[in-house]
Structures are given as structure tokens and as C-alpha cells.
file input-v7.csv (CSV, C-alpha atoms)
chain,number,residue,atom,x,y,z
A,1,MET,CA,124.0,14.4,150.3
A,2,SER,CA,126.1,16.1,152.9
A,3,GLU,CA,125.0,19.3,154.6
A,4,LYS,CA,127.3,22.3,154.1
A,5,SER,CA,127.3,25.6,155.8
A,6,ILE,CA,128.1,29.0,154.4
A,7,ASN,CA,129.4,32.1,156.0
A,8,LEU,CA,127.7,35.5,155.5
A,9,ASP,CA,128.9,38.8,156.6
A,10,ILE,CA,126.5,41.1,158.4
A,11,ILE,CA,126.9,44.4,156.5
A,12,GLY,CA,124.8,46.5,158.9
A,13,SER,CA,121.6,46.6,160.9
A,14,ILE,CA,118.1,47.8,160.2
A,15,LYS,CA,116.5,50.1,162.7
A,16,THR,CA,112.7,50.0,162.7
A,17,PRO,CA,109.8,50.8,165.1
A,18,TRP,CA,108.9,47.1,165.3
A,19,VAL,CA,110.2,45.6,168.6
A,20,THR,CA,107.7,42.8,168.8
A,21,PRO,CA,106.0,40.9,166.0
A,22,GLU,CA,102.4,41.6,167.2
A,23,ASN,CA,100.6,44.1,164.9
A,24,MET,CA,103.6,44.5,162.7
A,25,PRO,CA,103.0,44.8,158.9
A,26,ILE,CA,103.5,41.5,157.2
A,27,GLN,CA,104.7,43.0,153.9
A,28,PRO,CA,106.0,46.5,152.8
A,29,THR,CA,102.6,47.3,151.3
A,30,GLY,CA,101.2,47.3,154.8
A,31,ALA,CA,104.0,49.5,156.1
A,32,LYS,CA,103.5,52.5,153.7
A,33,THR,CA,105.4,55.5,155.0
A,34,VAL,CA,106.7,53.7,158.1
A,35,LYS,CA,110.3,54.9,158.5
A,36,GLY,CA,113.4,53.0,159.3
A,37,THR,CA,117.1,53.4,159.0
A,38,ILE,CA,119.8,51.1,157.7
A,39,VAL,CA,123.1,51.6,159.6
A,40,LEU,CA,125.7,50.2,157.3
A,41,ASN,CA,129.1,49.1,158.8
A,42,GLU,CA,131.6,51.8,157.9
A,43,ASN,CA,133.8,49.4,155.8
A,44,TYR,CA,130.9,49.0,153.3
A,45,VAL,CA,130.2,52.7,152.7
A,46,ASN,CA,132.0,52.8,149.3
A,47,GLY,CA,129.5,50.2,148.1
A,48,LEU,CA,126.7,52.9,148.4
A,49,LYS,CA,128.1,54.9,145.5
A,50,ASN,CA,125.2,55.6,143.0
A,51,LEU,CA,122.6,53.9,145.1
A,52,GLU,CA,120.8,57.3,145.6
A,53,GLU,CA,120.0,57.1,141.9
A,54,PHE,CA,117.4,54.4,142.7
A,55,SER,CA,114.0,55.0,144.3
A,56,HIS,CA,113.7,51.5,145.9
A,57,ILE,CA,116.1,48.7,147.1
A,58,ILE,CA,115.8,45.1,147.9
A,59,LEU,CA,117.0,44.2,151.4
A,60,ILE,CA,118.1,40.7,152.3
A,61,TYR,CA,118.3,40.3,156.1
A,62,GLN,CA,118.3,37.7,158.9
A,63,LEU,CA,115.0,36.9,160.7
A,64,HIS,CA,117.0,37.0,163.9
A,65,LEU,CA,114.2,36.4,166.4
A,66,ILE,CA,113.0,33.2,164.8
A,67,LYS,CA,113.9,30.3,167.2
A,68,GLU,CA,112.7,27.2,165.3
A,69,PRO,CA,111.8,26.7,161.7
A,70,GLN,CA,108.6,25.0,160.7
A,71,LEU,CA,108.1,23.1,157.5
A,72,GLU,CA,104.3,23.6,157.7
A,73,VAL,CA,102.6,26.8,158.9
A,74,ILE,CA,99.2,28.4,158.9
A,75,PRO,CA,100.0,31.6,157.0
A,76,PHE,CA,98.5,35.0,157.9
A,77,MET,CA,96.1,35.0,154.9
A,78,ASP,CA,94.7,31.5,155.4
A,79,THR,CA,93.5,29.1,158.1
A,80,GLU,CA,94.8,25.8,156.5
A,81,PRO,CA,98.4,24.6,156.9
A,82,LYS,CA,100.7,25.2,154.0
A,83,GLY,CA,104.3,24.1,153.2
A,84,ILE,CA,106.8,26.8,154.4
A,85,PHE,CA,108.1,27.2,150.8
A,86,ALA,CA,104.6,28.1,149.6
A,87,THR,CA,104.3,30.9,152.1
A,88,ARG,CA,106.2,34.0,153.1
A,89,SER,CA,106.2,33.0,156.8
A,90,PRO,CA,109.3,34.0,158.7
A,91,LYS,CA,109.7,30.5,160.2
A,92,ARG,CA,112.1,29.5,157.4
A,93,PRO,CA,115.0,27.0,157.7
A,94,ASN,CA,117.6,29.6,156.8
A,95,LYS,CA,115.8,32.5,158.5
A,96,LEU,CA,116.2,34.9,155.6
A,97,GLY,CA,113.9,37.8,154.9
A,98,ILE,CA,113.6,40.0,151.8
A,99,SER,CA,111.8,43.3,151.5
A,100,ILE,CA,111.5,46.0,148.9
A,101,VAL,CA,111.7,49.4,150.5
A,102,GLU,CA,111.8,53.0,149.3
A,103,ILE,CA,114.9,55.1,149.8
A,104,GLU,CA,114.1,58.4,151.5
A,105,ARG,CA,117.8,59.7,151.6
A,106,ILE,CA,121.3,58.5,152.2
A,107,ASP,CA,123.6,60.2,154.8
A,108,GLU,CA,127.1,58.7,154.9
A,109,ASN,CA,126.6,55.2,156.3
A,110,LYS,CA,122.8,55.6,157.0
A,111,ILE,CA,120.1,54.9,154.5
A,112,HIS,CA,116.8,56.3,155.5
A,113,ILE,CA,114.0,54.1,154.2
A,114,LEU,CA,110.2,53.9,154.0
A,115,ASP,CA,107.8,51.0,154.1
A,116,VAL,CA,109.7,48.9,156.7
A,117,ASP,CA,108.2,45.6,157.7
A,118,MET,CA,111.1,44.0,159.5
A,119,MET,CA,112.0,43.7,163.2
A,120,ASN,CA,114.2,46.3,164.8
A,121,ASN,CA,117.9,45.4,164.7
A,122,SER,CA,117.5,42.9,161.9
A,123,PRO,CA,121.0,42.0,160.7
A,124,LEU,CA,121.4,43.2,157.1
A,125,LEU,CA,123.1,40.8,154.7
A,126,ASP,CA,122.8,42.5,151.3
A,127,ILE,CA,121.3,45.5,149.4
A,128,LYS,CA,120.3,45.3,145.8
A,129,PRO,CA,118.8,48.0,143.6
A,130,PHE,CA,115.2,47.4,142.6
A,131,PHE,CA,114.8,47.7,138.8
A,132,GLU,CA,111.2,47.2,137.7
A,133,ASP,CA,112.1,46.2,134.2
A,134,PHE,CA,113.8,43.1,135.6
A,135,ASP,CA,112.1,42.6,139.0
A,136,ASN,CA,108.4,42.8,138.1
A,137,ARG,CA,106.7,39.8,136.6
A,138,PHE,CA,103.1,39.8,135.3
A,139,ASN,CA,100.7,37.0,134.3
A,140,THR,CA,102.1,34.7,137.0
A,141,LYS,CA,100.4,31.9,138.8
A,142,LYS,CA,99.3,32.9,142.3
A,143,GLY,CA,98.9,29.5,143.9
A,144,TRP,CA,96.6,29.3,146.9
A,145,LEU,CA,96.8,33.1,147.2
A,146,ALA,CA,94.7,33.4,144.0
A,147,LYS,CA,91.6,32.8,146.1
A,148,LYS,CA,92.5,35.8,148.4
A,149,THR,CA,91.1,38.6,146.2
A,150,ASN,CA,89.7,41.0,148.8
A,151,ILE,CA,92.6,41.3,151.2
A,152,ASP,CA,93.2,44.7,152.7
A,153,LYS,CA,97.0,44.5,152.2
A,154,GLU,CA,97.7,47.9,153.7
A,155,ASN,CA,96.1,47.0,157.0
A,156,PHE,CA,97.0,43.3,157.4
A,157,LYS,CA,99.1,42.9,160.5
A,158,SER,CA,101.1,40.2,162.2
A,159,ASP,CA,99.9,38.3,165.2
A,160,LYS,CA,101.5,35.8,167.7
A,161,ARG,CA,101.7,32.8,165.4
A,162,PHE,CA,105.3,33.3,164.2
A,163,LYS,CA,106.8,34.5,167.5

call {"tool": "encode", "arguments": {"input": "input-v7.csv", "output": "C-alpha cells"}}
result
Amino acid sequence: MSEKSINLDIIGSIKTPWVTPENMPIQPTGAKTVKGTIVLNENYVNGLKNLEEFSHIILIYQLHLIKEPQLEVIPFMDTEPKGIFATRSPKRPNKLGISIVEIERIDENKIHILDVDMMNNSPLLDIKPFFEDFDNRFNTKKGWLAKKTNIDKENFKSDKRFK
């Protein structure tokens, strides 16, 4: 099997208060009301038409500060190594992150958002509307996370392990 590369356009950047990974929320649930701003490149502004009709969006962005991927990591909510694809660790081979955030308002090429859990200046690759009828799944298998029933999701923060 030959390796192939793909080209992705950066459509904007995400401005957040998080300049280092330490004490940063690890998921949007831990970043409630934390504000950020998407600054969309001007040539993509027409793509925002009707986006204000949604309350939440899915952001796909580059984990731009990750230097080296790891195939096994000790995730934040455990002490035992897991395969990277069984975690949400940022040390991924393709350095892609996804987050569901709330839209506060849209001003021209700026989308003001809440619940930001990504690093400042993260390159934005795509925006998709969140539609709960399609995007929520229930009665799913939770894997190794099923044992983690009493996690304080709103106060769980990053540390130095994925720097």
C-alpha cells in the first residue's frame, strides 16, 4: 500500500484564551461559557449564509502544536496506556481535532463561539452545522470509558502529557 498525501485549505483560525495546554479543558463540556472567535478568511464568508440559524457547529481543525504522534498514550481519564484510536488524545497521526461549540453571534467573517477547548490560533479546516437528530447517538458502547462513571467533566483539565 502506498502512502498518499492530501491537501487541505485552511479556511481561518480559531482565537481562544488557551496559549499553553496546561489547565486547558480537554473537551467542550469542560469549557462551558469560555469564549473564542473564529476568524474566517474573507474568501469563505459567503459560505456562512444561514449558519446563524444553528445553535451549535462542529469545528474540524489542526492540532498545530503537536510535534510527534504517538500510537499509545495514557489518556487524561486513565493511568494505563491505550491505543491512540481508542482515545481523544491530541497526539494523533494526522493532527486533527474536532469540537462542538455554541454560536454566540456572527459578525461578517467572525464567528463568536462558546465552549472553546482548542489552542489559540488553531488552523480551521472546516465548519459543519450540528444537527442533533443526526449527530447524537444513544445506547452506544463506551469502551474503557464505561468504567469512568464519576468524572467531573466540567472541571477536568489538561496537563503536560500531550505537550

call {"tool": "atom_distance", "arguments": {"input": "input-v7.csv", "atom1": "atom CA of A:Pro21", "atom2": "atom CA of A:Leu65"}}
result
9.4 Å

call {"tool": "atom_distance", "arguments": {"input": "input-v7.csv", "atom1": "atom CA of A:Val39", "atom2": "atom CA of A:Ser89"}}
result
25.3 Å

call {"tool": "residues_around", "arguments": {"input": "input-v7.csv", "residues": "A:Gly47", "least_positions_apart": "3", "cutoff": "12 Å", "atoms": "all atoms listed in the file", "output": "list in words"}}
result
Ile11, Leu40, Asn41, Glu42, Asn43, Tyr44, Asn50, Leu51, Glu52, Glu108, Asn109, Asp126, Ile127, Lys128 and Pro129 of chain A

call {"tool": "residues_near_point", "arguments": {"input": "input-v7.csv", "point": "(116.7, 47.7, 149.8)", "cutoff": "7 Å", "atoms": "only C-alpha atoms", "output": "PyMOL selection string"}}
result
chain A and resi 56-59+99-101+127-129

call {"tool": "closest_residue", "arguments": {"input": "input-v7.csv", "among": "A:Asn94, A:Asn23, A:Asn46, A:Ser5", "to": "A:Tyr61", "atoms": "only C-alpha atoms"}}
result
A:Asn94

call {"tool": "atom_distance", "arguments": {"input": "input-v7.csv", "atom1": "atom CA of A:Leu63", "atom2": "atom CA of A:Ile106"}}
result
24.1 Å

call {"tool": "residues_around", "arguments": {"input": "input-v7.csv", "residues": "stretch 33-36 of chain A", "least_positions_apart": "2", "cutoff": "12 Å", "atoms": "only C-alpha atoms", "output": "ChimeraX atom specification"}}
result
/A:13-18,24-25,27-31,38-39,101-106,110-122,154

call {"tool": "residues_around", "arguments": {"input": "input-v7.csv", "residues": "A:Pro75", "least_positions_apart": "4", "cutoff": "9 Å", "atoms": "all atoms listed in the file", "output": "count of residues only"}}
result
9

call {"tool": "build_atoms", "arguments": {"input": "input-v7.csv", "residues": "stretch 91-123 of chain A", "atoms": "N, CA and C atoms", "output": "tab-separated table (two decimals), in the coordinates of the input"}}
result
chain	number	residue	atom	x	y	z
A	91	LYS	N	109.19	31.66	159.56
A	91	LYS	CA	109.70	30.50	160.20
A	91	LYS	C	110.49	29.56	159.25
A	92	ARG	N	111.38	30.14	158.48
A	92	ARG	CA	112.10	29.50	157.40
A	92	ARG	C	113.35	28.76	157.91
A	93	PRO	N	113.76	27.69	157.22
A	93	PRO	CA	115.00	27.00	157.70
A	93	PRO	C	116.22	27.86	157.72
A	94	ASN	N	116.39	28.78	156.79
A	94	ASN	CA	117.60	29.60	156.80
A	94	ASN	C	117.34	31.02	157.35
A	95	LYS	N	116.15	31.29	157.85
A	95	LYS	CA	115.80	32.50	158.50
A	95	LYS	C	116.22	33.77	157.75
A	96	LEU	N	115.93	33.76	156.44
A	96	LEU	CA	116.20	34.90	155.60
A	96	LEU	C	114.94	35.63	155.21
A	97	GLY	N	114.98	36.94	155.27
A	97	GLY	CA	113.90	37.80	154.90
A	97	GLY	C	114.28	38.67	153.71
A	98	ILE	N	113.32	39.04	152.87
A	98	ILE	CA	113.60	40.00	151.80
A	98	ILE	C	112.43	41.03	151.84
A	99	SER	N	112.76	42.26	151.58
A	99	SER	CA	111.80	43.30	151.50
A	99	SER	C	112.23	44.36	150.49
A	100	ILE	N	111.26	44.92	149.79
A	100	ILE	CA	111.50	46.00	148.90
A	100	ILE	C	111.08	47.29	149.59
A	101	VAL	N	112.00	48.21	149.81
A	101	VAL	CA	111.70	49.40	150.50
A	101	VAL	C	112.08	50.64	149.67
A	102	GLU	N	111.52	51.78	150.03
A	102	GLU	CA	111.80	53.00	149.30
A	102	GLU	C	112.94	53.77	150.02
A	103	ILE	N	113.86	54.32	149.23
A	103	ILE	CA	114.90	55.10	149.80
A	103	ILE	C	114.38	56.55	150.00
A	104	GLU	N	114.51	57.05	151.21
A	104	GLU	CA	114.10	58.40	151.50
A	104	GLU	C	115.35	59.34	151.26
A	105	ARG	N	116.50	58.94	151.83
A	105	ARG	CA	117.80	59.70	151.60
A	105	ARG	C	118.91	58.83	152.16
A	106	ILE	N	120.11	59.21	151.76
A	106	ILE	CA	121.30	58.50	152.20
A	106	ILE	C	122.23	59.57	152.85
A	107	ASP	N	122.64	59.34	154.09
A	107	ASP	CA	123.60	60.20	154.80
A	107	ASP	C	124.74	59.36	155.28
A	108	GLU	N	125.86	59.47	154.58
A	108	GLU	CA	127.10	58.70	154.90
A	108	GLU	C	126.76	57.23	154.99
A	109	ASN	N	126.81	56.62	156.19
A	109	ASN	CA	126.60	55.20	156.30
A	109	ASN	C	125.12	54.86	156.69
A	110	LYS	N	124.24	55.85	156.62
A	110	LYS	CA	122.80	55.60	157.00
A	110	LYS	C	121.94	55.81	155.76
A	111	ILE	N	121.10	54.80	155.55
A	111	ILE	CA	120.10	54.90	154.50
A	111	ILE	C	118.75	54.98	155.17
A	112	HIS	N	118.09	56.09	154.97
A	112	HIS	CA	116.80	56.30	155.50
A	112	HIS	C	115.75	55.73	154.57
A	113	ILE	N	114.90	54.84	155.07
A	113	ILE	CA	114.00	54.10	154.20
A	113	ILE	C	112.56	54.20	154.67
A	114	LEU	N	111.65	53.90	153.75
A	114	LEU	CA	110.20	53.90	154.00
A	114	LEU	C	109.65	52.51	153.72
A	115	ASP	N	108.52	52.21	154.31
A	115	ASP	CA	107.80	51.00	154.10
A	115	ASP	C	108.45	49.77	154.79
A	116	VAL	N	108.96	49.98	156.00
A	116	VAL	CA	109.70	48.90	156.70
A	116	VAL	C	108.74	47.93	157.36
A	117	ASP	N	109.00	46.66	157.11
A	117	ASP	CA	108.20	45.60	157.70
A	117	ASP	C	109.03	44.53	158.35
A	118	MET	N	110.21	44.93	158.80
A	118	MET	CA	111.10	44.00	159.50
A	118	MET	C	111.32	44.43	160.93
A	119	MET	N	111.75	43.48	161.74
A	119	MET	CA	112.00	43.70	163.20
A	119	MET	C	113.16	44.68	163.37
A	120	ASN	N	113.10	45.44	164.45
A	120	ASN	CA	114.20	46.30	164.80
A	120	ASN	C	115.47	45.47	165.03
A	121	ASN	N	116.57	46.03	164.60
A	121	ASN	CA	117.90	45.40	164.70
A	121	ASN	C	118.09	44.16	163.87
A	122	SER	N	117.30	44.02	162.82
A	122	SER	CA	117.50	42.90	161.90
A	122	SER	C	118.89	43.00	161.28
A	123	PRO	N	119.70	41.94	161.34
A	123	PRO	CA	121.00	42.00	160.70
A	123	PRO	C	120.86	42.03	159.18
